[in-house]
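Chemist: The structure under discussion is supplied below as structure tokens; questions concerning it will follow.
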Amino acid sequence: MHIYPFLQAVRDQRPLVHHITNWVTIFDCAQIVKSFGASPVMAHAPEEAADMTGIASALVLNIGTLTTELVESMKRSAQAANRKRIPVVLDVCGAGATPYRNQKSQELLAASTIDVIKGNASEIASIAGLPAETKGVDTGLVAADLAAVARDLAARRQCIVVVTGAEDLVASADRVVRVGNGHPIMANVVGTGCMAASTLGAFVAASPDRLADAVTAGLVCYEIAAERAAQHATGPVAFKQRLFDEAFALDEQAVEPRQRVTLG
Amino acid sequence: MHIYPFLQAVRDQRPLVHHITNWVTIFDCAQIVKSFGASPVMAHAPEEAADMTGIASALVLNIGTLTTELVESMKRSAQAANRKRIPVVLDVCGAGATPYRNQKSQELLAASTIDVIKGNASEIASIAGLPAETKGVDTGLVAADLAAVARDLAARRQCIVVVTGAEDLVASADRVVRVGNGHPIMANVVGTGCMAASTLGAFVAASPDRLADAVTAGLVCYEIAAERAAQHATGPVAFKQRLFDEAFALDEQAVEPRQRVTLG
Amino acid sequence: MHIYPFLQAVRDQRPLVHHITNWVTIFDCAQIVKSFGASPVMAHAPEEAADMTGIASALVLNIGTLTTELVESMKRSAQAANRKRIPVVLDVCGAGATPYRNQKSQELLAASTIDVIKGNASEIASIAGLPAETKGVDTGLVAADLAAVARDLAARRQCIVVVTGAEDLVASADRVVRVGNGHPIMANVVGTGCMAASTLGAFVAASPDRLADAVTAGLVCYEIAAERAAQHATGPVAFKQRLFDEAFALDEQAVEPRQRVTLG
């Protein structure tokens with residue numbers, strides 16, 4: 001698959017990507033979007049959330065530090081996004097950890113159409129209704145099972161399901177694509193998962209008519225930037241700082257030969 | 001104009017600069033104030049906001065991720081600052097993007113005396129009552145018009161109006177000063193605008209009787225630190241990290257020959 | 001005292017450390033915990049705070065940007081921690097600055113058992129009921145007095161009291177340990193105090209039966225990481241980035257010969 005045109009589309013269009021996200025990695029979410037060439041905007045007041053979505057090209061929701069009021073703003077924004085027909089990405093950060101988090105995740109899924117659901121194996125298993133480990137990604141699912149769970153969830157929800165891990169899955173109702181890019185050091189830094197979701201927001205904003213491919217391209221670009229950053233890093237936080245700037249500098253030669261996308 | 005004494009005053013007095021700001025760049029706002037030698041404090045509970053302002057030497061308000069409750073705290077703090085006669089800086093971050101944001105900005109301006117209003121061309125045009133582009137700084141105003149808009153707003157509000165851009169304007173009722181320092185890489189990092197406003201807070205805190213000059217000096221110091229950081233940076237985020245440390249290390253020799261301040 | 005086994009315990013157990021903390025340094029709190037090998041989780045909604053504590057091995061509370069709702073969540077989480085018999089660390093950030101902050105600190109102490117209270121000299125003096133300077137650490141207390149105040153507070157509250165400064169005190173009812181590690185550059189960076197408290201959370205989570213020693217070991221490891229980071233740093237923010245990665249890389253040879261722990 002040809003990856004670079006999707007990055008080029010982000011840089012050409014500089015789409016506005018509205019976020020309602022968590023307070024831990026809110027800067028990281030904004031900066032990775034900017035580093036890839038899009039324009040981040042963060043606004044969560046219930047009185048303006050839908051209006052801000054109304055001028056954006058995609059919406060990213062992240063429940064990392066959710067509250068009831070924040071989820072209310074997320075619903076309003078997601079509904080505004082649906083009306084405007086712009087894509088909605090939901091990072092189900094921490095799903096499975098508490099009953100409240102599960103309930104609010106399901107409320108978000110019921111209140112609007114979510115175009116991309118993203119989580120690690122444990123979180124996606126939880127959203128799919130399986131019993132989930134709350135800590136770490138060890139759900140006890142073998143890889144083949146996980147792909148089936150993701151594809152089934154994608155079919156039921158009519159959306160793309162992204163499962164991040166050593167190998168990422170991008171599941172649609174009819175197929176599963178695997179992305180083998182990335183680097184183990186990412187697990188030692190806070191925010192790499194959130195930044196992945198925000199990256200997807202930038203890529204689907206620029207290519208809304210090719211959702212699954214845009215998601216795959218976004219993951220590949222993000223994780224190749226990570227691979228390049230890891231080459232220079234003296235430690236996890238040095239790696240993360242560099243990751244932003246590798247995303248900013250990514251060119252076609254860096255991307256195409258390095259992509260590790262496989263079907264199935 | 002002699003810039004360095006204003007920085008020296010910040011470092012000598014280490015003034016407490018109270019912020020009620022946004023959740024995206026709240027760390028950056030605090031760190032830039034600390035890097036310039038002042039003491040940042042962030043406190044937004046409505047029950048304590050005014051008390052915290054009461055022990056500070058300046059107040060910085062930033063509406064980036066405003067909520068109704070946060071604006072209520074801002075009003076109380078601004079009124080406390082007025083009573084104590086310490087300067088208030090308002091960063092009208094995102095003004096023009098939503099009706100709610102415009103309404104809350106006007107409420108803040110009506111509820112208290114704001115000493116310094118800071119925004120990009122689009123945001124200032126919106127505050128001044130002109131139709132504003134919400135995305136980017138392209139307001140369609142030519143530079144001369146922008147200066148007139150800023151000076152007129154300064155005259156009406158009896159305050160300093162700062163318009164940031166490739167060239168910054170510092171407008172009082174009777175004159176406009178232009179600051180030509182800075183670096184284009186700043187546009188690729190989240191938070192450079194917010195940090196500029198926080199820097200102004202530190203400088204007016206230390207020199208409250210010379211507001212316009214303190215604002216100009218703050219802008220010049222911040223942007224010369226940026227110029228120096230850009231020399232070493234391998235990318236936008238590496239630049240930003242370095243910017244803090246260049247602000248910390250700035251000395252008279254680095255500042256005076258490099259300042260690009262012009263009248264008119 | 002043998003320090004390294006306490007760090008090894010954190011890395012072996014990877015304990016979940018639940019935080020309800022401030023919005024300025026929330027990323028730093030999470031990252032330092034992760035850099036030391038534990039798993040941070042941040043969740044503050046009153047509806048889920050206690051549940052999240054219920055799956056954690058320690059709770060860290062930090063009142064830096066407290067609100068009434070946030071303190072309510074803190075109380076619920078602290079009570080859940082008490083029921084589960086996992087340690088609670090309270091960073092009394094800014095205590096003494098406003099009446100509201102003092103009142104809420106006392107409410108937290110009254111509502112549950114806090115195992116570790118951590119602050120600078122001014123904050124601890126305020127919590128102990130002495131008149132406190134709100135800005136800086138100059139309480140007018142000589143070192144010997146400060147140790148007496150800390151030990152007395154520890155005895156009254158049946159807890160460990162940590163007073164950070166050029167030399168840190170770890171006070172129990174029956175003894176005071178001094179930690180002489182650290183570096184002056186820490187004072188020029190936002191978040192070093194908050195990160196210290198979060199580090200303590202990781203260490204007491206892994207060694208809950210040896211609270212005082214775990215606290216001392218945590219302080220020593222954190223401050224030796226700081227010493228090592230300072231050797232490489234070109235400025236305060238470069239130092240802070242490096243601090244995370246030195247914490248991640250710390251080994252026995254780096255820790256044991258360098259520890260500066262004294263009794264009394």
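Simple scheme: letters A, B, ... for chains in structure tokens order, numbers from 1 for residues in each chain, numbers from 1 for ligands in the order shown.
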Residues near Gly193 (chain B), anyone? I mean within 9 Å using only C-alpha atoms, not counting same-chain ones fewer than 5 positions away, as a count of residues only.
Modeler: 8
Chemist: Given only C-alpha atoms, how would the per-residue table for region 67-86 of chain A near region 43-56 of chain A read, listing every residue at most 6 Å away with its closest atom pair and distance in Å to one decimal, sorted by chain and number, as a Markdown table?
Modeler:
| residue | atom | partner | partner_atom | distance |
| --- | --- | --- | --- | --- |
| A:Ser73 | CA | A:Pro46 | CA | 4.6 |
| A:Arg76 | CA | A:Ala50 | CA | 5.5 |
| A:Ser77 | CA | A:Ala50 | CA | 4.3 |
| A:Ala80 | CA | A:Ala50 | CA | 5.5 |
Chemist: Just to be explicit: take each residue in the selection above, keep all heavy atoms, and write the result as a JSON list (two decimals), in the first residue's frame.
Modeler:
[["chain", "number", "residue", "atom", "x", "y", "z"],
["A", 73, "SER", "N", -19.78, 16.56, 27.04],
["A", 73, "SER", "CA", -19.22, 17.36, 25.94],
["A", 73, "SER", "C", -18.82, 16.47, 24.77],
["A", 73, "SER", "O", -19.00, 16.83, 23.61],
["A", 73, "SER", "CB", -18.00, 18.15, 26.43],
["A", 73, "SER", "OG", -18.39, 19.13, 27.36],
["A", 76, "ARG", "N", -21.93, 15.57, 22.76],
["A", 76, "ARG", "CA", -22.39, 16.68, 21.92],
["A", 76, "ARG", "C", -21.48, 16.86, 20.71],
["A", 76, "ARG", "O", -21.95, 17.11, 19.59],
["A", 76, "ARG", "CB", -22.41, 17.98, 22.74],
["A", 76, "ARG", "CG", -23.44, 17.95, 23.85],
["A", 76, "ARG", "CD", -23.50, 19.30, 24.55],
["A", 76, "ARG", "NE", -24.30, 19.19, 25.77],
["A", 76, "ARG", "CZ", -24.62, 20.21, 26.54],
["A", 76, "ARG", "NH1", -24.21, 21.43, 26.22],
["A", 76, "ARG", "NH2", -25.34, 20.05, 27.62],
["A", 77, "SER", "N", -20.18, 16.76, 20.95],
["A", 77, "SER", "CA", -19.24, 16.92, 19.83],
["A", 77, "SER", "C", -19.37, 15.79, 18.83],
["A", 77, "SER", "O", -19.31, 16.02, 17.61],
["A", 77, "SER", "CB", -17.81, 17.00, 20.37],
["A", 77, "SER", "OG", -17.51, 18.31, 20.79],
["A", 80, "ALA", "N", -22.33, 16.35, 16.74],
["A", 80, "ALA", "CA", -22.05, 17.42, 15.77],
["A", 80, "ALA", "C", -21.18, 16.89, 14.64],
["A", 80, "ALA", "O", -21.38, 17.25, 13.47],
["A", 80, "ALA", "CB", -21.36, 18.60, 16.47]]
Chemist: Which of these, C:Val163, C:Leu200, C:Ala229, C:Val89, has the shortest distance to chain A once you count only C-alpha atoms?
Modeler: C:Ala229
Chemist: Please identify all residues of chain B having at least one atom at most 9 Å from any atom of chain A, considering only C-alpha atoms, and return them as a PyMOL selection string.
Modeler: chain B and resi 23-25+64-68+94+97-101+134-135+188-191+234-238+241
Chemist: Find the residues around His2 (chain C) up to 12 Å (only C-alpha atoms counted), leave out those fewer than 5 positions away in its own chain, and share them as a VMD selection string.
Modeler: chain C and resid 7 to 8 213 to 214 216 to 218 220 to 221 252 to 253 255 to 261
Chemist: Between C:Cys194, C:Ile63, C:Ile224, C:Leu250, which residue has the minimum interatomic distance to Gln103 (chain C), considering only C-alpha atoms?
Modeler: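 Result for the nearest residue to Gln103 (chain C): C:Ile63.
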Chemist: As number ranges by chain, please: every residue in region 85-243 of chain C that DSSP puts in helix (DSSP H, G or I).
Modeler: C: 99-111, 121-127, 143-157, 184-188, 192-206, 208-232, 236-243
